[in-house]
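Student: Dropping in final-v7.csv, with CSV, C-alpha atoms (C1' of nucleotides).
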```
chain,number,residue,atom,x,y,z
A,1,MET,CA,101.0,148.5,39.1
A,2,SER,CA,100.7,147.8,42.8
A,3,GLU,CA,102.9,149.9,45.1
A,4,ASN,CA,100.4,151.4,47.5
A,5,ALA,CA,97.7,152.6,45.2
A,6,GLN,CA,95.5,153.5,48.2
A,7,ALA,CA,97.7,156.3,49.4
A,8,THR,CA,97.2,158.3,46.3
A,9,GLU,CA,93.7,159.4,47.2
A,10,GLY,CA,93.6,161.3,50.4
A,11,ALA,CA,93.1,159.4,53.6
A,12,ALA,CA,94.9,156.1,53.0
A,13,VAL,CA,92.6,153.1,53.6
A,14,ALA,CA,93.7,151.5,56.8
A,15,VAL,CA,95.0,148.0,56.6
A,16,ARG,CA,92.1,145.6,57.1
A,17,MET,CA,91.7,144.1,60.6
A,18,ASN,CA,91.8,140.4,61.2
A,19,TRP,CA,88.3,138.9,60.8
A,20,GLY,CA,89.4,135.5,62.2
A,21,PRO,CA,87.0,132.7,61.6
A,22,LEU,CA,84.6,135.0,59.7
A,23,SER,CA,87.2,136.0,57.1
A,24,SER,CA,86.2,133.2,54.8
A,25,ALA,CA,82.5,133.3,55.6
A,26,VAL,CA,80.3,134.1,52.7
A,27,GLY,CA,78.1,136.4,54.8
A,28,THR,CA,81.0,138.6,56.0
A,29,ASN,CA,82.4,139.2,52.5
A,30,VAL,CA,79.0,139.7,51.0
A,31,ARG,CA,78.1,142.2,53.7
A,32,LEU,CA,81.3,144.2,53.4
A,33,LEU,CA,80.9,144.6,49.7
A,34,ARG,CA,77.2,145.3,49.9
A,35,ASN,CA,77.7,148.0,52.6
A,36,GLU,CA,80.3,149.8,50.5
A,37,LEU,CA,78.1,149.6,47.4
A,38,VAL,CA,75.0,151.0,49.2
A,39,THR,CA,77.1,153.9,50.6
A,40,ARG,CA,78.1,154.8,47.1
A,41,ILE,CA,74.7,154.1,45.6
A,42,VAL,CA,72.9,156.3,48.1
A,43,GLU,CA,75.4,159.1,47.3
A,44,ALA,CA,74.9,158.6,43.6
A,45,TYR,CA,71.1,158.6,43.8
A,46,ALA,CA,70.8,161.5,46.3
A,47,PRO,CA,70.1,164.1,43.5
A,48,PHE,CA,67.0,162.2,42.4
A,49,ASP,CA,65.5,162.5,45.9
A,50,LEU,CA,63.7,159.1,45.9
A,51,ARG,CA,63.7,156.7,48.7
A,52,SER,CA,66.1,153.7,48.7
A,53,GLY,CA,64.0,151.0,47.1
A,54,ALA,CA,62.5,153.2,44.4
A,55,LEU,CA,64.8,152.3,41.5
A,56,SER,CA,64.5,148.6,42.1
A,57,VAL,CA,60.7,149.0,42.1
A,58,MET,CA,60.7,151.0,38.9
A,59,VAL,CA,62.9,148.4,37.2
A,60,LEU,CA,60.7,145.6,38.3
A,61,ILE,CA,57.5,147.4,37.2
A,62,ARG,CA,59.1,148.0,33.8
A,63,GLY,CA,60.2,144.4,33.5
A,64,ASN,CA,57.0,142.9,34.8
A,65,PRO,CA,54.1,144.9,33.3
A,66,GLY,CA,50.9,144.8,35.3
A,67,CYS,CA,52.5,143.4,38.4
A,68,SER,CA,51.0,144.1,41.8
A,69,GLN,CA,52.4,145.7,44.9
A,70,SER,CA,52.4,142.4,46.8
A,71,GLU,CA,54.4,140.8,44.1
A,72,LEU,CA,57.0,143.6,44.2
A,73,ALA,CA,57.1,143.5,48.0
A,74,ARG,CA,57.8,139.7,47.9
A,75,GLU,CA,60.5,140.1,45.3
A,76,VAL,CA,62.5,142.7,47.2
A,77,ALA,CA,61.7,141.1,50.5
A,78,MET,CA,59.9,144.0,52.1
A,79,ASP,CA,56.6,144.4,53.8
A,80,ASP,CA,53.4,145.2,51.8
A,81,SER,CA,53.0,148.3,54.0
A,82,ALA,CA,56.4,149.6,53.1
A,83,MET,CA,55.7,149.2,49.5
A,84,VAL,CA,52.7,151.6,49.7
A,85,ALA,CA,55.0,154.5,50.6
A,86,ILE,CA,57.2,153.8,47.6
A,87,ILE,CA,54.4,153.5,45.1
A,88,ASP,CA,52.8,156.6,46.6
A,89,GLU,CA,56.0,158.6,46.0
A,90,LEU,CA,56.4,157.3,42.5
A,91,GLU,CA,52.8,158.1,41.7
A,92,GLN,CA,53.0,161.6,43.2
A,93,ARG,CA,56.1,162.3,41.2
A,94,GLY,CA,54.4,161.1,38.0
A,95,LEU,CA,56.8,158.2,37.5
A,96,ALA,CA,54.3,155.3,37.9
A,97,ARG,CA,50.5,154.7,37.9
A,98,ARG,CA,48.2,152.5,39.8
A,99,THR,CA,45.3,150.9,37.8
A,100,ARG,CA,42.7,148.7,39.3
A,101,SER,CA,42.9,145.2,37.8
A,102,THR,CA,39.7,144.3,36.0
A,103,THR,CA,40.2,140.6,36.7
A,104,ASP,CA,41.0,140.9,40.4
A,105,ARG,CA,39.7,144.2,41.8
A,106,ARG,CA,41.9,143.9,44.9
A,107,ARG,CA,45.0,144.3,42.8
A,108,ASN,CA,46.7,147.5,41.6
A,109,SER,CA,48.1,146.9,38.2
A,110,LEU,CA,51.3,148.9,38.1
A,111,SER,CA,53.0,150.6,35.2
A,112,LEU,CA,55.6,153.3,34.5
A,113,THR,CA,54.9,156.6,32.9
A,114,PRO,CA,57.2,157.8,30.1
A,115,GLU,CA,58.8,160.1,32.6
A,116,GLY,CA,59.3,157.1,34.9
A,117,GLU,CA,61.0,155.1,32.1
A,118,ALA,CA,63.3,157.9,31.3
A,119,LEU,CA,64.3,158.5,34.9
A,120,MET,CA,64.8,154.8,35.4
A,121,THR,CA,67.2,154.6,32.5
A,122,GLU,CA,69.1,157.6,33.8
A,123,MET,CA,69.4,156.1,37.3
A,124,VAL,CA,70.4,152.7,36.0
A,125,GLY,CA,73.3,154.5,34.3
A,126,CYS,CA,74.3,156.1,37.6
A,127,GLY,CA,74.2,152.7,39.3
A,128,THR,CA,76.4,151.2,36.6
A,129,ALA,CA,78.9,154.0,37.1
A,130,VAL,CA,79.2,153.1,40.8
A,131,GLU,CA,80.2,149.6,39.9
A,132,ARG,CA,82.8,150.8,37.5
A,133,PRO,CA,85.8,150.1,39.7
A,134,ILE,CA,84.6,146.5,40.1
A,135,ARG,CA,84.2,146.0,36.4
A,136,ASP,CA,87.7,147.5,35.8
A,137,GLU,CA,89.2,145.2,38.3
A,138,LEU,CA,87.6,142.0,37.2
A,139,SER,CA,87.8,140.5,33.7
A,140,ALA,CA,84.5,139.9,31.8
A,141,ALA,CA,84.7,136.2,32.6
A,142,GLU,CA,85.4,136.8,36.3
A,143,LEU,CA,82.5,139.2,36.5
A,144,GLU,CA,80.3,136.6,34.9
A,145,THR,CA,81.5,134.0,37.3
A,146,LEU,CA,80.9,136.2,40.3
A,147,ILE,CA,77.3,136.9,39.2
A,148,ALA,CA,76.7,133.3,38.5
A,149,LEU,CA,78.0,132.2,41.9
A,150,LEU,CA,76.0,134.8,43.7
A,151,ARG,CA,72.9,133.6,42.0
A,152,ARG,CA,73.5,130.0,42.8
A,153,ALA,CA,74.2,130.8,46.4
A,154,TYR,CA,71.0,132.8,46.6
A,155,GLY,CA,69.1,130.0,44.9
A,156,ALA,CA,70.5,127.5,47.3
A,157,LEU,CA,69.5,129.6,50.2
A,158,MET,CA,66.0,130.2,49.0
A,159,ALA,CA,65.4,126.5,48.3
A,160,ALA,CA,66.4,125.6,51.8
A,161,PRO,CA,63.9,125.6,54.7
A,162,ARG,CA,64.3,128.6,57.0
A,163,ASP,CA,63.6,127.0,60.3
A,164,ARG,CA,66.0,124.7,62.0
A,165,ALA,CA,64.9,124.4,65.5
B,1,MET,CA,68.1,115.0,43.9
B,2,SER,CA,66.5,117.8,42.1
B,3,GLU,CA,62.8,117.3,41.1
B,4,ASN,CA,61.2,120.4,42.6
B,5,ALA,CA,62.8,120.5,46.0
B,6,GLN,CA,61.2,123.8,46.7
B,7,ALA,CA,57.7,122.5,46.8
B,8,THR,CA,58.5,120.1,49.6
B,9,GLU,CA,58.7,122.8,52.3
B,10,GLY,CA,55.5,124.7,52.5
B,11,ALA,CA,54.9,127.8,50.3
B,12,ALA,CA,56.8,127.1,47.1
B,13,VAL,CA,59.2,129.8,46.2
B,14,ALA,CA,57.6,132.0,43.5
B,15,VAL,CA,59.3,132.2,40.1
B,16,ARG,CA,61.7,135.2,40.3
B,17,MET,CA,60.6,138.4,38.6
B,18,ASN,CA,62.4,140.0,35.7
B,19,TRP,CA,65.0,142.4,37.0
B,20,GLY,CA,65.7,143.8,33.5
B,21,PRO,CA,68.9,145.8,33.3
B,22,LEU,CA,69.7,145.2,37.0
B,23,SER,CA,69.7,141.4,36.6
B,24,SER,CA,73.4,141.3,35.9
B,25,ALA,CA,74.4,144.2,38.2
B,26,VAL,CA,76.7,143.2,41.0
B,27,GLY,CA,74.8,145.3,43.5
B,28,THR,CA,71.5,143.6,42.8
B,29,ASN,CA,72.8,140.1,43.2
B,30,VAL,CA,74.9,141.0,46.2
B,31,ARG,CA,72.0,142.7,47.9
B,32,LEU,CA,69.5,139.8,47.3
B,33,LEU,CA,72.0,137.3,48.7
B,34,ARG,CA,72.9,139.5,51.7
B,35,ASN,CA,69.2,140.2,52.5
B,36,GLU,CA,68.4,136.5,52.6
B,37,LEU,CA,71.5,135.8,54.7
B,38,VAL,CA,70.7,138.5,57.3
B,39,THR,CA,67.1,137.3,57.6
B,40,ARG,CA,68.4,133.9,58.5
B,41,ILE,CA,71.3,135.2,60.6
B,42,VAL,CA,69.0,137.4,62.7
B,43,GLU,CA,66.8,134.3,63.2
B,44,ALA,CA,69.7,132.1,64.2
B,45,TYR,CA,71.2,134.7,66.6
B,46,ALA,CA,67.9,135.7,68.2
B,47,PRO,CA,68.3,133.2,71.1
B,48,PHE,CA,71.5,135.0,72.1
B,49,ASP,CA,69.7,138.3,72.5
B,50,LEU,CA,72.5,140.5,71.3
B,51,ARG,CA,72.2,143.4,68.8
B,52,SER,CA,73.1,142.9,65.2
B,53,GLY,CA,76.8,143.8,65.0
B,54,ALA,CA,77.7,142.2,68.3
B,55,LEU,CA,79.2,139.0,66.8
B,56,SER,CA,81.4,140.8,64.3
B,57,VAL,CA,82.7,143.0,67.0
B,58,MET,CA,83.5,140.1,69.3
B,59,VAL,CA,85.3,138.3,66.4
B,60,LEU,CA,87.3,141.5,65.6
B,61,ILE,CA,88.2,142.1,69.3
B,62,ARG,CA,89.4,138.5,69.5
B,63,GLY,CA,91.4,138.7,66.3
B,64,ASN,CA,92.8,142.2,67.0
B,65,PRO,CA,93.7,142.3,70.7
B,66,GLY,CA,93.8,145.7,72.3
B,67,CYS,CA,92.0,147.4,69.4
B,68,SER,CA,90.0,150.5,70.1
B,69,GLN,CA,86.3,151.3,69.5
B,70,SER,CA,87.1,153.7,66.7
B,71,GLU,CA,89.1,151.1,64.9
B,72,LEU,CA,86.2,148.6,65.2
B,73,ALA,CA,83.7,151.3,64.0
B,74,ARG,CA,85.9,152.1,61.0
B,75,GLU,CA,86.2,148.4,60.1
B,76,VAL,CA,82.5,147.6,60.2
B,77,ALA,CA,81.6,151.0,58.7
B,78,MET,CA,79.5,152.3,61.5
B,79,ASP,CA,79.6,155.4,63.6
B,80,ASP,CA,81.7,155.6,66.8
B,81,SER,CA,78.5,156.5,68.6
B,82,ALA,CA,76.8,153.4,67.5
B,83,MET,CA,79.8,151.3,68.7
B,84,VAL,CA,79.4,152.6,72.2
B,85,ALA,CA,76.0,150.8,72.6
B,86,ILE,CA,77.5,147.5,71.3
B,87,ILE,CA,80.5,147.6,73.7
B,88,ASP,CA,78.2,148.7,76.5
B,89,GLU,CA,76.1,145.6,76.0
B,90,LEU,CA,79.0,143.3,75.7
B,91,GLU,CA,80.5,144.7,78.8
B,92,GLN,CA,77.3,144.5,80.8
B,93,ARG,CA,76.8,140.9,79.7
B,94,GLY,CA,80.4,140.1,80.9
B,95,LEU,CA,81.5,139.2,77.4
B,96,ALA,CA,84.1,142.0,76.8
B,97,ARG,CA,86.1,144.5,78.9
B,98,ARG,CA,87.2,148.1,78.4
B,99,THR,CA,90.7,148.9,79.7
B,100,ARG,CA,92.2,152.4,79.4
B,101,SER,CA,95.3,152.3,77.3
B,102,THR,CA,98.4,153.4,79.2
B,103,THR,CA,100.1,154.8,76.1
B,104,ASP,CA,97.1,156.8,74.9
B,105,ARG,CA,94.6,157.5,77.7
B,106,ARG,CA,91.9,158.4,75.3
B,107,ARG,CA,91.6,154.9,74.0
B,108,ASN,CA,89.7,151.9,75.4
B,109,SER,CA,91.8,148.8,74.9
B,110,LEU,CA,89.2,146.1,74.2
B,111,SER,CA,89.4,142.4,75.1
B,112,LEU,CA,87.1,139.4,75.4
B,113,THR,CA,86.4,137.6,78.6
B,114,PRO,CA,86.5,133.8,78.6
B,115,GLU,CA,82.7,133.9,78.5
B,116,GLY,CA,82.9,136.2,75.5
B,117,GLU,CA,85.3,133.8,73.7
B,118,ALA,CA,83.0,130.8,74.4
B,119,LEU,CA,79.9,132.6,73.2
B,120,MET,CA,81.7,133.9,70.2
B,121,THR,CA,82.7,130.4,69.2
B,122,GLU,CA,79.2,129.1,69.7
B,123,MET,CA,77.7,132.0,67.6
B,124,VAL,CA,80.2,131.5,64.8
B,125,GLY,CA,79.0,127.9,64.6
B,126,CYS,CA,75.4,129.0,64.2
B,127,GLY,CA,76.5,131.4,61.5
B,128,THR,CA,78.3,128.7,59.6
B,129,ALA,CA,75.1,126.5,59.9
B,130,VAL,CA,73.2,129.3,58.2
B,131,GLU,CA,75.5,129.2,55.2
B,132,ARG,CA,75.3,125.4,55.0
B,133,PRO,CA,73.0,125.4,51.9
B,134,ILE,CA,75.5,127.5,50.1
B,135,ARG,CA,78.4,125.3,51.0
B,136,ASP,CA,76.3,122.3,49.9
B,137,GLU,CA,75.5,123.8,46.5
B,138,LEU,CA,79.0,125.1,45.7
B,139,SER,CA,82.1,123.0,45.3
B,140,ALA,CA,85.0,123.8,47.5
B,141,ALA,CA,86.8,125.4,44.6
B,142,GLU,CA,83.7,127.5,43.7
B,143,LEU,CA,83.3,128.7,47.2
B,144,GLU,CA,86.9,129.7,47.3
B,145,THR,CA,86.4,131.5,43.9
B,146,LEU,CA,83.3,133.3,45.2
B,147,ILE,CA,85.1,134.6,48.3
B,148,ALA,CA,88.2,135.7,46.3
B,149,LEU,CA,86.1,137.6,43.8
B,150,LEU,CA,84.0,139.3,46.5
B,151,ARG,CA,87.2,140.4,48.2
B,152,ARG,CA,88.7,141.7,45.0
B,153,ALA,CA,85.5,143.6,44.2
B,154,TYR,CA,85.5,145.1,47.7
B,155,GLY,CA,89.1,146.0,47.4
B,156,ALA,CA,88.6,147.7,44.0
B,157,LEU,CA,85.8,149.7,45.4
B,158,MET,CA,87.7,150.8,48.5
B,159,ALA,CA,90.7,151.8,46.4
B,160,ALA,CA,88.5,154.0,44.2
B,161,PRO,CA,87.7,157.6,45.2
B,162,ARG,CA,84.1,158.0,46.4
B,163,ASP,CA,83.2,161.4,45.0
B,164,ARG,CA,82.6,161.8,41.3
B,165,ALA,CA,80.9,165.2,41.0
C,1,DT,C1',39.0,131.8,55.0
C,2,DA,C1',42.8,134.1,52.5
C,3,DT,C1',44.7,138.0,49.9
C,4,DT,C1',45.4,143.0,48.4
C,5,DG,C1',46.1,147.4,49.7
C,6,DT,C1',46.0,150.6,53.4
C,7,DT,C1',46.9,153.2,57.9
C,8,DA,C1',48.9,153.7,62.3
C,9,DT,C1',52.3,152.5,65.4
C,10,DA,C1',56.5,151.0,67.5
C,11,DC,C1',61.0,149.6,67.2
C,12,DT,C1',65.6,149.3,65.4
C,13,DC,C1',69.5,151.5,62.9
C,14,DT,C1',71.9,155.1,61.4
C,15,DA,C1',73.5,160.0,61.3
C,16,DT,C1',74.5,164.4,63.4
C,17,DA,C1',75.8,167.5,66.7
C,18,DA,C1',77.8,168.6,70.9
C,19,DC,C1',80.7,167.8,74.7
C,20,DT,C1',85.1,165.8,77.6
C,21,DA,C1',89.4,164.3,78.0
C,22,DT,C1',93.2,163.6,76.1
C,23,DA,C1',97.0,164.0,72.4
D,1,DT,C1',94.0,171.5,66.2
D,2,DA,C1',92.7,166.7,66.0
D,3,DT,C1',91.2,162.3,68.0
D,4,DA,C1',88.6,158.8,71.3
D,5,DG,C1',84.8,158.1,73.7
D,6,DT,C1',80.3,159.6,75.1
D,7,DT,C1',75.4,161.4,75.2
D,8,DA,C1',71.3,163.0,73.2
D,9,DT,C1',68.4,163.4,69.4
D,10,DA,C1',66.3,163.1,65.0
D,11,DG,C1',65.6,160.5,60.8
D,12,DA,C1',65.1,156.5,57.9
D,13,DG,C1',63.9,151.8,57.5
D,14,DT,C1',61.5,147.9,59.0
D,15,DA,C1',58.0,145.1,61.4
D,16,DT,C1',53.4,144.5,63.5
D,17,DA,C1',48.6,144.8,63.9
D,18,DA,C1',44.3,146.1,62.5
D,19,DC,C1',41.0,147.1,58.9
D,20,DA,C1',38.1,147.3,54.3
D,21,DA,C1',37.4,145.4,49.9
D,22,DT,C1',37.5,141.5,47.3
D,23,DA,C1',38.4,136.7,46.0
```
Would you put the structure from the file into structure tokens?
Tutor:
Amino acid sequence: MSENAQATEGAAVAVRMNWGPLSSAVGTNVRLLRNELVTRIVEAYAPFDLRSGALSVMVLIRGNPGCSQSELAREVAMDDSAMVAIIDELEQRGLARRTRSTTDRRRNSLSLTPEGEALMTEMVGCGTAVERPIRDELSAAELETLIALLRRAYGALMAAPRDRA
Amino acid sequence: MSENAQATEGAAVAVRMNWGPLSSAVGTNVRLLRNELVTRIVEAYAPFDLRSGALSVMVLIRGNPGCSQSELAREVAMDDSAMVAIIDELEQRGLARRTRSTTDRRRNSLSLTPEGEALMTEMVGCGTAVERPIRDELSAAELETLIALLRRAYGALMAAPRDRA
DNA sequence: TATTGTTATACTCTATAACTATA
DNA sequence: TATAGTTATAGAGTATAACAATA
């Protein structure tokens, strides 16, 4: 069940280097995992030909009907100006719509088209497939624990003031 | 100890949006936490005026004496060409040295200078301070669990083949 | 006066290709 | 033939500033 499972698939994964004092840092371990995930996610989403944040945005529009571009930008921690390009793309592809809000005419009230909903569902499936090895490795309880701890860590960070000088 | 701690520090953190099917995805939660961590890390490291990967590289050189640039690049998942700029900077700042390997004259055998070791230690301290809110929120056992689960998830991903077509 | 959306711009990161010197 | 290091270059992502419309 163990015996060098890495070597079975082409180039053996090199033995990890020594990360010294960073080996038990949250940031290091989160970053390594995130980097490997995005590499695979980018690969999995390549056929859809959408830029990186597009799926998150579609999911958020779907889950928060009528939300604005600023709200989306805040949630995914990107600039308003960067969000414009993503919404442009989604709109041009017929996946989302901008509707002027009647109560606040500055806002674009965003929604998904049926095509957008369908594509979103398909892409979410691809994303889940990428995480498959993780879900195979961890028990259901462990996976739940991991998610819960990640959320608490994130919450703790967000609740803490950002300056320290 | 609770009672709306967010509101104390300027702009209250908005209520999180609904992430729908992505709310329990590993990738989403890892990404949100990682993004907030890097924002704060970049801020904390700004006074040192080194590019983003420099600390990781210093720590790895320190923990793996005589390692090569390629080995470092593989470990942090960046291109060899990108590593050149980092090592250039560290060398010009007197924080690291390149020494031609005698056994394989293609390799640069890397090492930290005493100045590099000192700066590394100082920066590691700053990085730890950034994670402080997390370590305050989680018990020692929970922190240990989080790190262990992140490592297992990463290991599972690395052991899995990357193509799937 | 502040906020939403927008454009333009610059800057950083990353990715690719080509080259050299070694192996 | 393959690998380590290097350079140059192009692309994507991100950040900043300015602006118009609206609150």
Student: When you look at B:Ile134 with a cut-off of 10 Å (counting only C-alpha atoms (C1' of nucleotides)), what residues show up, excluding the ones that are within fewer than 4 positions of it in the same chain? I need them as a PyMOL selection string.
Tutor: (chain A and resi 26+149-150+152-158+160) or (chain B and resi 128-130+138-139+143)
Student: Given only C-alpha atoms (C1' of nucleotides) as the basis, pick out the residue of C:DC13, C:DA23, C:DA18, C:DT4 nearest to chain A.
Tutor: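 Comparing C:DC13, C:DA23, C:DA18, C:DT4 against chain A, the winner is C:DT4.
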Student: Please indicate the distance in Å from atom CA of B:Arg106 to atom CA of B:Ala85, rounded to one decimal place.
Tutor: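 Distance reported for this atom pair: 17.8 Å.
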Student: What separation in Å, quoted to one decimal, exists between atom CA of B:Glu89 and atom CA of B:Ser68?
Tutor: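 So the answer is 15.9 Å.
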Student: What are the residues of chain D that have an atom within 12 Å of an atom of chain A, counting only C-alpha atoms (C1' of nucleotides), as a short mmCIF file (atom, residue, chain, number, x, y, z; two decimals) with C-alpha atoms (C1' of nucleotides), in the coordinates of the input?
Tutor:
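File produced: out28.cif:
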```cif
data_model
loop_
_atom_site.label_atom_id
_atom_site.label_comp_id
_atom_site.auth_asym_id
_atom_site.auth_seq_id
_atom_site.Cartn_x
_atom_site.Cartn_y
_atom_site.Cartn_z
"C1'" DA D 12 65.10 156.50 57.90
"C1'" DG D 13 63.90 151.80 57.50
"C1'" DT D 14 61.50 147.90 59.00
"C1'" DA D 15 58.00 145.10 61.40
"C1'" DT D 16 53.40 144.50 63.50
"C1'" DA D 17 48.60 144.80 63.90
"C1'" DA D 20 38.10 147.30 54.30
"C1'" DA D 21 37.40 145.40 49.90
"C1'" DT D 22 37.50 141.50 47.30
"C1'" DA D 23 38.40 136.70 46.00
#
```
Student: Which residues are near stretch 108-117 of chain B? Cut-off 9 Å, all atoms listed in the file, ignore same chain within fewer than 3 positions. Put them as a PyMOL selection string.
Tutor: (chain B and resi 58-59+61-62+64-69+87+90+93-101+104-105+120-122) or (chain D and resi 4-5)
Student: Compile the residues of chain C that lie within 10 Å of chain B, evaluated using all atoms listed in the file, and express the compilation as a list of chain:residue names.
Tutor: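 Output check: C:DT12, C:DC13, C:DT14, C:DA15, C:DA21, C:DT22, C:DA23.
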Student: Measure the distance from atom CA of A:Asn18 to atom CA of B:Leu72 in Å and round it to one decimal.
Tutor: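 Spanning atom CA of A:Asn18 to atom CA of B:Leu72 is a straight-line distance of 10.7 Å.
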Student: Show me a table, sorted first by chain and then by increasing residue number, of the residues of chain B having an atom at most 8 Å from chain A, each with its shortest atom pair and the distance in Å to one decimal, counting all atoms listed in the file and written as a tab-separated table.
Tutor:
```
residue	atom	partner	partner_atom	distance
B:Ala5	CA	A:Ala159	CA	6.9
B:Gln6	CA	A:Ala159	CA	5.2
B:Glu9	CA	A:Pro161	CA	6.4
B:Val13	CA	A:Ala159	CA	7.3
B:Arg16	CA	A:Glu75	CA	7.1
B:Met17	CA	A:Asn64	CA	6.9
B:Asn18	CA	A:Gly63	CA	5.4
B:Trp19	CA	A:Leu60	CA	5.5
B:Gly20	CA	A:Gly63	CA	5.5
B:Pro21	CA	A:Val124	CA	7.6
B:Leu22	CA	A:Val59	CA	7.5
B:Ser24	CA	A:Ile147	CA	6.7
B:Ala25	CA	A:Thr128	CA	7.5
B:Val26	CA	A:Ile147	CA	6.6
B:Gly27	CA	A:Leu37	CA	6.7
B:Asn29	CA	A:Leu150	CA	6.2
B:Val30	CA	A:Arg34	CA	6.1
B:Arg31	CA	A:Arg34	CA	6.1
B:Leu32	CA	A:Tyr154	CA	7.2
B:Leu33	CA	A:Tyr154	CA	5.1
B:Arg34	CA	A:Val30	CA	6.1
B:Asn35	CA	A:Ala77	CA	7.8
B:Glu36	CA	A:Leu157	CA	7.4
B:Leu37	CA	A:Gly27	CA	6.6
B:Arg40	CA	A:Arg162	CA	6.9
B:Ser56	CA	A:Trp19	CA	8.0
B:Val59	CA	A:Trp19	CA	6.4
B:Leu60	CA	A:Trp19	CA	5.5
B:Arg62	CA	A:Gly20	CA	7.9
B:Gly63	CA	A:Asn18	CA	5.4
B:Asn64	CA	A:Asn18	CA	6.2
B:Glu75	CA	A:Met17	CA	7.0
B:Val76	CA	A:Leu32	CA	7.7
B:Ala77	CA	A:Asn35	CA	7.8
B:Val124	CA	A:Leu22	CA	7.6
B:Thr128	CA	A:Ala25	CA	7.4
B:Glu131	CA	A:Val26	CA	7.3
B:Pro133	CA	A:Ala156	CA	5.6
B:Ile134	CA	A:Ala153	CA	5.1
B:Glu137	CA	A:Ala156	CA	6.3
B:Leu138	CA	A:Ala153	CA	7.5
B:Glu142	CA	A:Leu149	CA	7.6
B:Leu146	CA	A:Leu146	CA	6.2
B:Ile147	CA	A:Val26	CA	6.5
B:Leu149	CA	A:Leu146	CA	6.4
B:Leu150	CA	A:Asn29	CA	6.2
B:Arg151	CA	A:Asn29	CA	6.6
B:Arg152	CA	A:Glu137	CA	7.6
B:Ala153	CA	A:Ile134	CA	5.1
B:Tyr154	CA	A:Leu33	CA	5.0
B:Ala156	CA	A:Pro133	CA	5.7
B:Leu157	CA	A:Pro133	CA	5.7
B:Met158	CA	A:Val13	CA	7.4
B:Ala159	CA	A:Gln6	CA	5.4
B:Ala160	CA	A:Pro133	CA	6.5
B:Pro161	CA	A:Glu9	CA	6.6
B:Arg162	CA	A:Arg40	CA	6.8
```
